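A.B. asks: For reference, this is input.csv, and it has CSV, C-alpha atoms.
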chain,number,residue,atom,x,y,z
A,1,MET,CA,2.2,-7.6,0.0
A,2,ILE,CA,4.9,-10.2,0.5
A,3,HIS,CA,4.6,-13.5,-1.3
A,4,THR,CA,4.0,-16.1,1.4
A,5,CYS,CA,2.0,-19.3,1.9
A,6,GLY,CA,3.5,-20.8,-1.2
A,7,LEU,CA,2.0,-18.3,-3.5
A,8,ARG,CA,3.5,-17.4,-6.9
A,9,PRO,CA,4.9,-13.9,-7.3
A,10,ASN,CA,2.1,-12.9,-9.6
A,11,SER,CA,-0.6,-14.7,-7.8
A,12,ARG,CA,-3.8,-12.8,-7.1
A,13,PHE,CA,-2.9,-12.1,-3.5
A,14,GLY,CA,-2.9,-8.3,-3.9
A,15,CYS,CA,0.8,-8.3,-4.5
A,16,GLY,CA,1.7,-9.2,-8.1
A,17,ARG,CA,1.8,-6.8,-11.1
A,18,ARG,CA,-1.8,-7.7,-11.9
A,19,ALA,CA,-3.1,-7.4,-8.3
A,20,ILE,CA,-5.5,-4.7,-7.3
A,21,PHE,CA,-4.5,-1.4,-9.0
A,22,PRO,CA,-1.4,-3.1,-10.6
A,23,LYS,CA,-3.7,-5.1,-12.7
A,24,LEU,CA,-3.3,-2.4,-15.3
A,25,SER,CA,0.5,-2.7,-15.4
A,26,GLY,CA,1.2,-6.0,-17.2
A,27,GLY,CA,-1.8,-8.2,-17.8
A,28,ARG,CA,-2.4,-9.8,-21.2
A,29,ARG,CA,-4.8,-7.0,-22.0
A,30,ASN,CA,-4.7,-3.6,-20.3
A,31,ALA,CA,-7.8,-1.9,-18.9
A,32,MET,CA,-8.3,0.3,-21.9
A,33,SER,CA,-8.3,-2.5,-24.4
A,34,THR,CA,-10.4,-4.8,-22.2
A,35,ALA,CA,-13.1,-2.3,-21.3
A,36,GLY,CA,-14.3,-1.5,-24.7
A,37,SER,CA,-15.5,1.8,-23.4
A,38,ALA,CA,-15.0,5.3,-24.6
A,39,ASP,CA,-11.6,6.9,-24.5
A,40,LEU,CA,-11.2,8.0,-20.9
A,41,ARG,CA,-9.1,11.0,-22.0
A,42,SER,CA,-12.2,12.7,-23.3
A,43,SER,CA,-13.8,12.8,-19.8
A,44,ALA,CA,-15.3,16.0,-18.7
A,45,SER,CA,-12.7,16.2,-15.9
A,46,GLY,CA,-9.8,16.6,-18.4
A,47,PRO,CA,-7.5,14.2,-20.1
A,48,GLY,CA,-5.8,11.5,-18.0
A,49,TRP,CA,-7.3,12.2,-14.6
A,50,LEU,CA,-9.1,9.6,-12.6
A,51,VAL,CA,-11.7,12.2,-11.6
A,52,GLY,CA,-10.1,15.6,-11.9
A,53,PRO,CA,-6.9,17.5,-10.9
A,54,CYS,CA,-8.2,18.6,-7.5
A,55,PHE,CA,-9.6,15.2,-6.5
A,56,ASP,CA,-6.7,13.2,-7.8
A,57,SER,CA,-4.1,15.5,-6.0
A,58,ALA,CA,-5.9,15.9,-2.7
A,59,CYS,CA,-7.4,12.4,-2.4
A,60,ILE,CA,-5.1,10.1,-4.3
A,61,ALA,CA,-1.6,11.4,-4.9
A,62,TRP,CA,-0.9,13.7,-2.0
A,63,ALA,CA,-3.5,12.5,0.5
A,64,TRP,CA,-0.7,11.6,3.0
A,65,VAL,CA,0.7,15.1,3.3
A,66,PRO,CA,-1.5,16.3,6.2
A,67,PHE,CA,-0.5,13.3,8.2
A,68,TYR,CA,3.2,13.9,7.4
A,69,LEU,CA,2.9,17.5,8.5
A,70,PHE,CA,1.2,16.6,11.7
A,71,VAL,CA,3.7,13.9,12.6
A,72,VAL,CA,6.8,15.9,11.8
A,73,PHE,CA,5.9,19.5,12.7
A,74,VAL,CA,3.2,19.0,15.3
A,75,LEU,CA,4.4,15.9,17.1
A,76,GLY,CA,8.0,16.6,16.3
A,77,LEU,CA,8.9,13.1,15.1
A,78,ASP,CA,11.4,14.2,12.5
A,79,GLY,CA,13.6,11.1,12.9
A,80,SER,CA,16.4,12.8,14.8
A,81,TRP,CA,15.7,11.0,18.1
A,82,SER,CA,18.4,9.4,20.2
A,83,ILE,CA,18.7,5.9,21.6
A,84,GLY,CA,17.5,7.2,25.0
A,85,GLY,CA,14.6,9.0,23.6
A,86,ARG,CA,13.7,12.6,24.1
A,87,ASP,CA,12.2,11.8,27.5
A,88,GLY,CA,15.3,9.9,28.6
A,89,ASN,CA,13.3,6.7,29.0
A,90,GLY,CA,13.9,5.2,25.6
A,91,THR,CA,10.6,6.4,24.2
A,92,GLU,CA,9.5,9.2,21.9
A,93,PRO,CA,6.6,11.4,23.0
A,94,GLY,CA,4.0,11.4,20.2
A,95,LEU,CA,5.2,8.2,18.5
A,96,GLY,CA,2.4,6.3,20.2
A,97,LEU,CA,-0.2,8.7,18.9
A,98,ALA,CA,1.2,8.7,15.4
A,99,MET,CA,1.2,4.9,15.3
A,100,LEU,CA,-2.4,4.8,16.6
A,101,LEU,CA,-3.6,7.2,13.9
A,102,ALA,CA,-1.9,5.2,11.2
A,103,LEU,CA,-3.3,2.0,12.5
A,104,GLY,CA,-6.7,3.5,12.7
A,105,VAL,CA,-6.6,4.7,9.0
A,106,SER,CA,-5.4,1.3,8.0
A,107,TYR,CA,-8.1,-0.4,10.0
A,108,VAL,CA,-10.8,1.6,8.1
A,109,HIS,CA,-9.4,0.9,4.6
A,110,ARG,CA,-9.1,-2.9,5.0
A,111,HIS,CA,-12.7,-3.3,5.9
A,112,TYR,CA,-13.8,-1.8,2.6
A,113,THR,CA,-12.7,-5.0,1.0
A,114,PHE,CA,-15.0,-7.0,3.3
A,115,LEU,CA,-17.8,-4.7,2.4
A,116,LEU,CA,-17.5,-5.5,-1.3
A,117,VAL,CA,-17.0,-9.3,-0.7
A,118,TYR,CA,-19.8,-9.9,1.8
A,119,GLY,CA,-22.0,-7.0,0.8
A,120,ASP,CA,-22.3,-7.8,-2.9
A,121,ARG,CA,-24.0,-11.1,-3.8
A,122,GLU,CA,-22.3,-11.2,-7.2
A,123,THR,CA,-18.8,-10.9,-5.8
A,124,PHE,CA,-19.4,-13.3,-2.9
A,125,ARG,CA,-20.8,-16.0,-5.3
A,126,GLN,CA,-17.6,-16.0,-7.4
A,127,ARG,CA,-15.7,-17.7,-4.6
A,128,LEU,CA,-18.4,-18.7,-2.1
A,129,ARG,CA,-16.4,-21.6,-0.6
A,130,ALA,CA,-13.2,-19.7,-0.3
A,131,TYR,CA,-14.8,-16.6,1.3
A,132,THR,CA,-16.4,-18.9,3.9
A,133,VAL,CA,-13.6,-21.5,4.7
A,134,VAL,CA,-10.4,-19.4,4.4
A,135,PRO,CA,-11.3,-16.9,7.2
A,136,ALA,CA,-12.2,-19.7,9.6
A,137,LEU,CA,-8.9,-21.5,8.9
A,138,LEU,CA,-6.8,-18.3,9.2
A,139,PHE,CA,-8.4,-17.2,12.5
A,140,VAL,CA,-7.9,-20.7,14.0
A,141,ALA,CA,-4.3,-20.9,12.8
A,142,LEU,CA,-3.3,-17.5,14.2
A,143,ALA,CA,-5.1,-18.2,17.5
A,144,LEU,CA,-3.2,-21.4,17.9
A,145,ILE,CA,0.2,-19.7,17.2
A,146,LEU,CA,-0.6,-17.1,19.8
A,147,ARG,CA,-1.8,-19.5,22.4
A,148,VAL,CA,0.6,-22.4,22.2
A,149,GLN,CA,3.9,-20.6,21.5
A,150,GLY,CA,4.8,-20.4,25.2
A,151,GLU,CA,8.4,-19.6,25.8
A,152,LEU,CA,9.5,-20.8,22.3
A,153,ARG,CA,12.0,-18.5,20.7
A,154,LEU,CA,13.3,-18.6,17.1
A,155,GLU,CA,16.6,-17.0,16.2
A,156,LEU,CA,16.7,-14.7,13.1
A,157,PHE,CA,19.8,-12.6,12.3
A,158,GLY,CA,21.0,-12.9,15.8
A,159,LEU,CA,17.7,-11.9,17.3
A,160,LYS,CA,15.5,-14.3,19.3
A,161,LEU,CA,11.9,-13.8,18.4
A,162,ARG,CA,8.7,-15.5,19.4
A,163,PRO,CA,6.6,-17.1,16.6
A,164,TRP,CA,4.0,-14.4,16.9
A,165,MET,CA,6.6,-11.7,16.3
A,166,LEU,CA,7.6,-13.5,13.1
A,167,VAL,CA,3.9,-13.4,12.0
A,168,LEU,CA,3.9,-9.7,12.6
A,169,ILE,CA,7.2,-9.2,10.7
A,170,VAL,CA,5.8,-11.1,7.7
A,171,THR,CA,2.6,-9.1,7.8
A,172,GLY,CA,4.4,-5.8,8.1
A,173,THR,CA,6.8,-6.6,5.3
A,174,TRP,CA,3.9,-7.9,3.1
A,175,ASN,CA,2.1,-4.7,3.8
A,176,MET,CA,5.0,-2.7,2.6
A,177,TRP,CA,5.2,-4.7,-0.6
A,178,HIS,CA,1.5,-4.1,-1.1
A,179,THR,CA,1.7,-0.4,-0.7
A,180,ILE,CA,4.5,-0.1,-3.2
A,181,MET,CA,2.8,-2.3,-5.7
A,182,GLN,CA,-0.4,-0.3,-5.3
A,183,ARG,CA,1.5,2.8,-6.1
A,184,HIS,CA,2.9,1.1,-9.2
A,185,GLY,CA,-0.6,0.0,-10.2
A,186,ILE,CA,-2.1,3.5,-10.0
A,187,ALA,CA,0.8,4.9,-12.0
A,188,ARG,CA,-0.1,2.3,-14.7
A,189,ILE,CA,-3.8,3.4,-14.6
A,190,TYR,CA,-2.6,6.9,-15.4
A,191,ALA,CA,-0.4,5.5,-18.2
A,192,ALA,CA,-3.3,3.6,-19.6
A,193,LYS,CA,-5.5,6.8,-19.6
A,194,ALA,CA,-2.7,8.9,-21.2
A,195,ARG,CA,-1.7,6.3,-23.9
A,196,GLY,CA,0.8,7.6,-26.4
A,197,GLY,CA,2.9,4.5,-25.8
A,198,LEU,CA,3.0,4.7,-22.0
A,199,GLU,CA,0.2,2.1,-21.8
A,200,THR,CA,2.3,-0.8,-23.2
A,201,ARG,CA,3.4,-3.8,-21.2
A,202,ALA,CA,7.0,-3.0,-22.0
A,203,HIS,CA,6.8,0.4,-20.4
A,204,GLY,CA,4.9,-1.1,-17.5
A,205,ARG,CA,7.9,-3.3,-16.9
A,206,ARG,CA,10.1,-0.2,-17.0
A,207,ASP,CA,7.9,1.5,-14.4
A,208,LEU,CA,8.2,-1.5,-12.2
A,209,ARG,CA,11.9,-1.9,-12.4
A,210,LEU,CA,12.6,1.8,-11.8
A,211,LEU,CA,10.2,1.8,-8.8
A,212,TRP,CA,11.9,-1.1,-7.1
A,213,SER,CA,15.4,0.1,-7.8
A,214,ALA,CA,14.4,3.4,-6.3
A,215,VAL,CA,13.1,1.6,-3.2
A,216,ALA,CA,16.4,-0.3,-3.0
A,217,LEU,CA,18.4,2.9,-3.3
A,218,THR,CA,16.2,4.5,-0.6
A,219,ALA,CA,16.9,1.6,1.8
A,220,VAL,CA,20.6,1.7,1.2
A,221,LEU,CA,20.9,5.5,1.6
A,222,THR,CA,18.8,5.4,4.8
A,223,THR,CA,20.8,2.6,6.3
A,224,MET,CA,24.2,4.0,5.5
A,225,PHE,CA,23.7,7.7,6.1
A,226,ARG,CA,20.8,8.0,8.5
A,227,PRO,CA,21.4,5.2,11.1
A,228,SER,CA,20.2,7.5,13.9
A,229,THR,CA,16.7,7.3,12.5
A,230,PHE,CA,16.5,3.7,13.6
A,231,ALA,CA,17.0,4.6,17.2
A,232,GLY,CA,13.3,4.6,17.9
A,233,ILE,CA,13.1,0.8,17.7
A,234,GLY,CA,15.1,-1.5,19.9
A,235,ASN,CA,15.3,-4.4,17.6
A,236,ALA,CA,16.3,-2.2,14.7
A,237,ARG,CA,19.2,-0.8,16.8
A,238,LYS,CA,20.4,-4.4,17.6
A,239,LEU,CA,20.2,-5.4,14.0
A,240,LEU,CA,22.2,-2.3,12.9
A,241,GLU,CA,24.9,-3.0,15.5
A,242,THR,CA,25.3,-6.5,14.0
A,243,VAL,CA,25.6,-5.4,10.4
A,244,ASP,CA,27.3,-2.1,11.0
A,245,PRO,CA,30.8,-3.3,10.1
A,246,LEU,CA,29.4,-4.5,6.7
A,247,ILE,CA,27.4,-1.4,6.1
A,248,HIS,CA,30.2,1.0,6.6
A,249,GLY,CA,33.0,-1.2,5.2
A,250,TRP,CA,33.9,-1.7,1.5
A,251,LEU,CA,30.9,-4.0,1.0
A,252,GLY,CA,28.4,-1.3,2.0
A,253,TRP,CA,30.0,1.2,-0.5
A,254,ALA,CA,30.0,-1.5,-3.2
A,255,VAL,CA,26.3,-2.2,-2.7
A,256,LEU,CA,25.6,1.6,-2.8
A,257,ALA,CA,27.5,2.0,-6.0
A,258,LEU,CA,25.8,-1.0,-7.6
A,259,VAL,CA,22.3,0.0,-6.6
A,260,ALA,CA,22.9,3.7,-7.6
A,261,SER,CA,24.3,2.7,-11.0
A,262,VAL,CA,21.4,0.3,-11.7
A,263,THR,CA,18.9,3.0,-10.7
A,264,LEU,CA,20.6,5.6,-12.8
A,265,ASN,CA,20.6,3.3,-15.9
A,266,LEU,CA,17.0,2.3,-15.5
A,267,GLY,CA,16.0,5.9,-14.9
A,268,LEU,CA,17.7,7.1,-18.1
A,269,SER,CA,16.1,4.3,-20.1
A,270,TRP,CA,12.7,5.1,-18.5
A,271,LEU,CA,13.1,8.8,-19.1
A,272,GLY,CA,13.9,8.3,-22.8
A,273,HIS,CA,10.7,6.3,-23.4
A,274,GLU,CA,8.7,8.8,-21.4
A,275,ARG,CA,9.9,11.6,-23.6
A,276,ALA,CA,9.3,9.6,-26.7
A,277,ALA,CA,5.6,9.2,-25.9
A,278,THR,CA,3.4,11.1,-28.3
A,279,LEU,CA,1.7,13.3,-25.7
A,280,GLU,CA,1.2,16.9,-24.9
A,281,LEU,CA,2.3,18.3,-21.6
A,282,ARG,CA,-1.2,18.5,-20.2
A,283,GLU,CA,-1.7,14.9,-21.0
A,284,ARG,CA,1.4,14.0,-19.0
A,285,ILE,CA,0.6,16.1,-15.9
A,286,PRO,CA,-1.8,13.5,-14.1
A,287,ARG,CA,0.9,10.8,-14.3
A,288,ILE,CA,3.7,13.2,-13.4
A,289,ASN,CA,1.7,14.4,-10.4
A,290,PHE,CA,1.3,10.9,-9.1
A,291,LEU,CA,4.8,9.8,-9.8
A,292,SER,CA,6.1,12.9,-8.0
A,293,SER,CA,4.1,12.0,-4.9
A,294,THR,CA,5.7,8.5,-4.9
A,295,ALA,CA,9.2,10.0,-5.1
A,296,ALA,CA,8.3,12.3,-2.2
A,297,LEU,CA,7.2,9.4,-0.1
A,298,LEU,CA,10.5,7.6,-0.7
A,299,ALA,CA,12.3,10.9,0.2
A,300,VAL,CA,10.5,10.8,3.6
A,301,PHE,CA,12.4,7.6,4.5
A,302,VAL,CA,15.7,9.3,3.8
A,303,ALA,CA,14.8,12.6,5.5
A,304,HIS,CA,13.0,11.2,8.6
A,305,GLY,CA,13.9,7.5,8.8
A,306,PRO,CA,12.0,4.3,8.3
A,307,ILE,CA,9.6,4.7,11.2
A,308,VAL,CA,8.1,8.0,9.9
A,309,GLY,CA,8.4,6.8,6.3
A,310,TYR,CA,6.6,3.6,7.0
A,311,LEU,CA,3.8,5.4,8.8
A,312,CYS,CA,3.4,7.9,5.9
A,313,PHE,CA,3.4,5.2,3.3
A,314,GLY,CA,0.8,3.2,5.2
A,315,VAL,CA,-1.5,6.2,5.5
A,316,ALA,CA,-1.0,7.1,1.9
A,317,HIS,CA,-2.0,3.6,0.8
A,318,ALA,CA,-5.1,3.5,3.0
A,319,VAL,CA,-6.5,6.9,2.1
A,320,GLU,CA,-5.9,6.5,-1.6
A,321,TYR,CA,-7.5,3.0,-1.5
A,322,VAL,CA,-10.7,4.3,0.2
A,323,PHE,CA,-11.2,7.1,-2.3
A,324,PHE,CA,-10.4,4.9,-5.3
A,325,PHE,CA,-12.8,2.3,-3.9
A,326,HIS,CA,-15.6,4.8,-3.9
A,327,VAL,CA,-14.8,6.0,-7.4
A,328,PHE,CA,-14.9,2.4,-8.6
A,329,GLY,CA,-18.0,1.5,-6.6
A,330,ARG,CA,-19.9,4.5,-7.9
A,331,ARG,CA,-19.1,3.7,-11.5
A,332,LYS,CA,-20.0,0.0,-10.9
A,333,PHE,CA,-23.2,0.2,-8.9
A,334,ALA,CA,-24.8,3.6,-9.6
A,335,ALA,CA,-26.6,2.2,-12.7
A,336,ARG,CA,-28.0,-0.8,-11.0
A,337,ALA,CA,-31.7,-1.0,-10.4
A,338,ASP,CA,-32.9,-0.9,-6.7
A,339,ALA,CA,-34.0,-4.5,-7.0
A,340,GLN,CA,-30.4,-5.6,-7.9
A,341,ARG,CA,-28.6,-3.7,-5.2
A,342,GLY,CA,-27.1,-5.3,-2.2
A,343,VAL,CA,-25.5,-3.6,0.8
A,344,ALA,CA,-22.3,-2.8,-1.0
A,345,ALA,CA,-24.1,-1.4,-4.1
A,346,ARG,CA,-26.4,0.8,-2.0
A,347,MET,CA,-23.4,2.3,-0.1
A,348,LEU,CA,-20.8,2.6,-2.8
A,349,ALA,CA,-23.3,4.0,-5.3
A,350,ARG,CA,-23.6,7.1,-3.1
A,351,PRO,CA,-20.1,7.9,-1.9
A,352,LEU,CA,-20.8,11.4,-0.7
A,353,VAL,CA,-23.4,10.1,1.7
A,354,TRP,CA,-22.0,6.7,2.7
A,355,GLY,CA,-18.3,7.4,2.6
A,356,PRO,CA,-18.2,9.6,5.7
A,357,ILE,CA,-20.6,7.3,7.5
A,358,ILE,CA,-18.5,4.2,6.9
A,359,ALA,CA,-15.3,6.0,7.8
A,360,LEU,CA,-16.7,7.4,11.0
A,361,ALA,CA,-18.3,4.1,12.0
A,362,LEU,CA,-15.1,2.1,11.5
A,363,SER,CA,-13.0,4.8,13.2
A,364,GLY,CA,-15.3,4.7,16.2
A,365,LEU,CA,-15.1,0.9,16.4
A,366,PHE,CA,-11.3,1.0,16.2
A,367,PHE,CA,-10.9,3.6,19.0
A,368,ALA,CA,-13.5,1.8,21.1
A,369,LEU,CA,-11.3,-1.3,20.9
A,370,VAL,CA,-8.1,0.6,21.7
A,371,ASP,CA,-8.0,-0.7,25.3
A,372,HIS,CA,-8.1,-4.2,24.1
A,373,ARG,CA,-5.2,-4.0,21.6
A,374,SER,CA,-3.0,-6.2,23.8
A,375,SER,CA,-5.6,-9.0,24.2
A,376,GLU,CA,-5.2,-12.2,22.3
A,377,PRO,CA,-8.6,-12.0,20.5
A,378,TYR,CA,-7.9,-8.5,19.2
A,379,LEU,CA,-4.4,-9.5,18.0
A,380,VAL,CA,-5.8,-12.4,16.1
A,381,TYR,CA,-8.6,-10.3,14.7
A,382,TYR,CA,-6.4,-7.4,13.6
A,383,THR,CA,-3.7,-9.6,12.0
A,384,ALA,CA,-6.2,-12.0,10.4
A,385,THR,CA,-8.2,-9.1,8.8
A,386,SER,CA,-4.9,-7.7,7.5
A,387,LEU,CA,-4.0,-11.0,5.7
A,388,LEU,CA,-7.6,-11.5,4.5
A,389,HIS,CA,-7.5,-8.0,3.0
A,390,PHE,CA,-4.4,-8.8,1.1
A,391,LEU,CA,-5.9,-12.1,-0.2
A,392,TYR,CA,-9.3,-10.7,-1.1
A,393,ASP,CA,-7.9,-7.7,-2.9
A,394,GLY,CA,-6.0,-10.2,-5.2
A,395,TRP,CA,-9.2,-12.1,-5.9
A,396,ILE,CA,-11.4,-9.1,-6.6
A,397,TRP,CA,-9.3,-6.7,-8.7
A,398,LYS,CA,-8.7,-8.6,-12.0
A,399,VAL,CA,-8.8,-6.1,-14.8
A,400,ARG,CA,-9.1,-8.8,-17.4
A,401,LYS,CA,-12.6,-9.3,-16.2
A,402,PRO,CA,-14.8,-6.9,-18.2
A,403,ASP,CA,-17.0,-6.0,-15.2
A,404,VAL,CA,-13.9,-4.7,-13.5
A,405,ALA,CA,-12.0,-3.2,-16.4
A,406,LYS,CA,-14.9,-1.2,-17.8
A,407,HIS,CA,-15.1,0.9,-14.6
A,408,LEU,CA,-11.4,1.7,-14.6
Show me the file's structure as structure tokens.
C.D. replies:
Amino acid sequence: MIHTCGLRPNSRFGCGRRAIFPKLSGGRRNAMSTAGSADLRSSASGPGWLVGPCFDSACIAWAWVPFYLFVVFVLGLDGSWSIGGRDGNGTEPGLGLAMLLALGVSYVHRHYTFLLVYGDRETFRQRLRAYTVVPALLFVALALILRVQGELRLELFGLKLRPWMLVLIVTGTWNMWHTIMQRHGIARIYAAKARGGLETRAHGRRDLRLLWSAVALTAVLTTMFRPSTFAGIGNARKLLETVDPLIHGWLGWAVLALVASVTLNLGLSWLGHERAATLELRERIPRINFLSSTAALLAVFVAHGPIVGYLCFGVAHAVEYVFFFHVFGRRKFAARADAQRGVAARMLARPLVWGPIIALALSGLFFALVDHRSSEPYLVYYTATSLLHFLYDGWIWKVRKPDVAKHL
């Protein structure tokens, strides 16, 4: 999630190192020391896993692979399209379906946050005024931007954009930040469960630096060596035409050399501390498994371009979020007495029953509204819920709170 609205980089807006899953990466006290619970490595599922190897691999680390296979091998969106599109009209057959599916999965996952906020009295009372006032203000502000912008155009990097398009750019960029930071946070959870020195704040910073340097290297490689993968979006083509002389001139090669050298140095330092951890191989596997999936997601950008990469990253984020949410919810609410249970507690305490029901209900609602996607009310609703999801995540997932940390 991108830092906007005057928020500090580490604010609880679902985007800092301590936001949502990343709360385990660099807070004053990590989840293991805060929780005061038994060593999670001794769980019946095996050392270091959130639940177990099958669940963690299929539902968390590699949950995005079926979508990737469908998009690339069934729909044929391998990123090799031309400017005219395969149908000669500037469009890519199947891209609309891929985007619709990705948006649908994202739609489902963001509403889980609202289930916990408005379905659990304890959570809602923590910020009662904010959970009431902020949504109203945000909906009104977005509605006004969409309604009164008229023919106004703002110029950005040589492109003339309407104010609403800037809102979407900010939201999309923010979402990319959020997905990357969530990946970092889950990696830190695995580090906290493994211990052996990997759980320290210092190594959390190494994880973060290496991740973002890898993201930067991925962006440079994709832009320099895979420019054809941008052909599916008109604005991206125009932007590339503007910066092409810089990208393929000496400046582009200098940037590539700098980013590659920084990534290499950070990687070697990170690897040295990883190897120094006092852990057996079986204790490392859960974390290696997840880190490998993140590396594979970045490789999708280089292999198939930013469009396919962005869609896969978004789906990965949404699916892992839903499964993690149910794991956390079951651990938090299952022990509550019936008299203490609100809507969220009743649903999240029984994930095998309510998980499919919630997902199917939200999916049905999303596809029922498909024909209204271009209407102003829907655009305001979809964008506002995206931003509220980012904000609420940052407020909810604070690992320094014992009632959160002990379930992680």
A.B. asks: With distances taken over all atoms listed in the file, which residue among A:Val140, A:Leu75, A:Ile358, A:Ala299 lies nearest Val322 in chain A?
C.D. replies: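 Ranking A:Val140, A:Leu75, A:Ile358, A:Ala299 by distance to Val322 in chain A, first place goes to A:Ile358.
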A.B. asks: Find, counting only C-alpha atoms, the residue in A:Asp56, A:Asp120, A:Asp78, A:Glu199 that gets nearest to Ala345 in chain A.
C.D. replies: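 Checking each of A:Asp56, A:Asp120, A:Asp78, A:Glu199 against Ala345 in chain A, counting only C-alpha atoms, the winner is A:Asp120.
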A.B. asks: Check the smallest atom-to-atom distance from each of A:Gly104, A:Trp64, A:Asn175, A:Gly119 to Ser386 in chain A using only C-alpha atoms, then report the winner.
C.D. replies: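 The closest residue to Ser386 in chain A is A:Asn175.
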A.B. asks: Quick check, in Å to one decimal: how far apart do CA of Asp371 in chain A and CA of Thr385 in chain A lie?
C.D. replies: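 Computed distance, CA of Asp371 in chain A to CA of Thr385 in chain A, equals 18.5 Å.
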A.B. asks: Smallest atom-to-atom distance to Leu198 in chain A: which of A:Gly267, A:Pro66, A:Gly48, A:Gly309, using all atoms listed in the file?
C.D. replies: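 Looking only at the distances to Leu198 in chain A, the closest residue turns out to be A:Gly48.
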A.B. asks: For Ala384 in chain A, find every residue with an atom within 8 Å (counting only C-alpha atoms), except residues of its own chain fewer than 6 positions away, and show them as an NGL selection string.
C.D. replies: :A and (135 or 138-139 or 142)
A.B. asks: Dump C-alpha atoms for the selected residues as a short mmCIF file (atom, residue, chain, number, x, y, z; two decimals), in the coordinates of the input?
C.D. replies:
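selection-v4.cif, written as the output of this step:
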data_model
loop_
_atom_site.label_atom_id
_atom_site.label_comp_id
_atom_site.auth_asym_id
_atom_site.auth_seq_id
_atom_site.Cartn_x
_atom_site.Cartn_y
_atom_site.Cartn_z
CA PRO A 135 -11.30 -16.90 7.20
CA LEU A 138 -6.80 -18.30 9.20
CA PHE A 139 -8.40 -17.20 12.50
CA LEU A 142 -3.30 -17.50 14.20
#
A.B. asks: What's the separation between CA of Leu208 in chain A and CA of His184 in chain A, in Å to one decimal place?
C.D. replies: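 It comes out at 6.6 Å.
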A.B. asks: Would you work out the distance separating CA of Ala316 in chain A from CA of Trp397 in chain A, expressed in Å to one decimal?
C.D. replies: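 Separation of CA of Ala316 in chain A and CA of Trp397 in chain A: 19.3 Å.
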A.B. asks: Find the residue from A:Val259, A:Arg188, A:Leu281, A:Phe301 that sits nearest to Ala214 in chain A; use only C-alpha atoms when measuring.
C.D. replies: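 Ranking A:Val259, A:Arg188, A:Leu281, A:Phe301 by distance to Ala214 in chain A, first place goes to A:Val259.
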A.B. asks: Find, counting all atoms listed in the file, the residue in A:Arg125, A:Phe55, A:Glu283, A:Gly94 that gets nearest to Val308 in chain A.
C.D. replies: A:Gly94
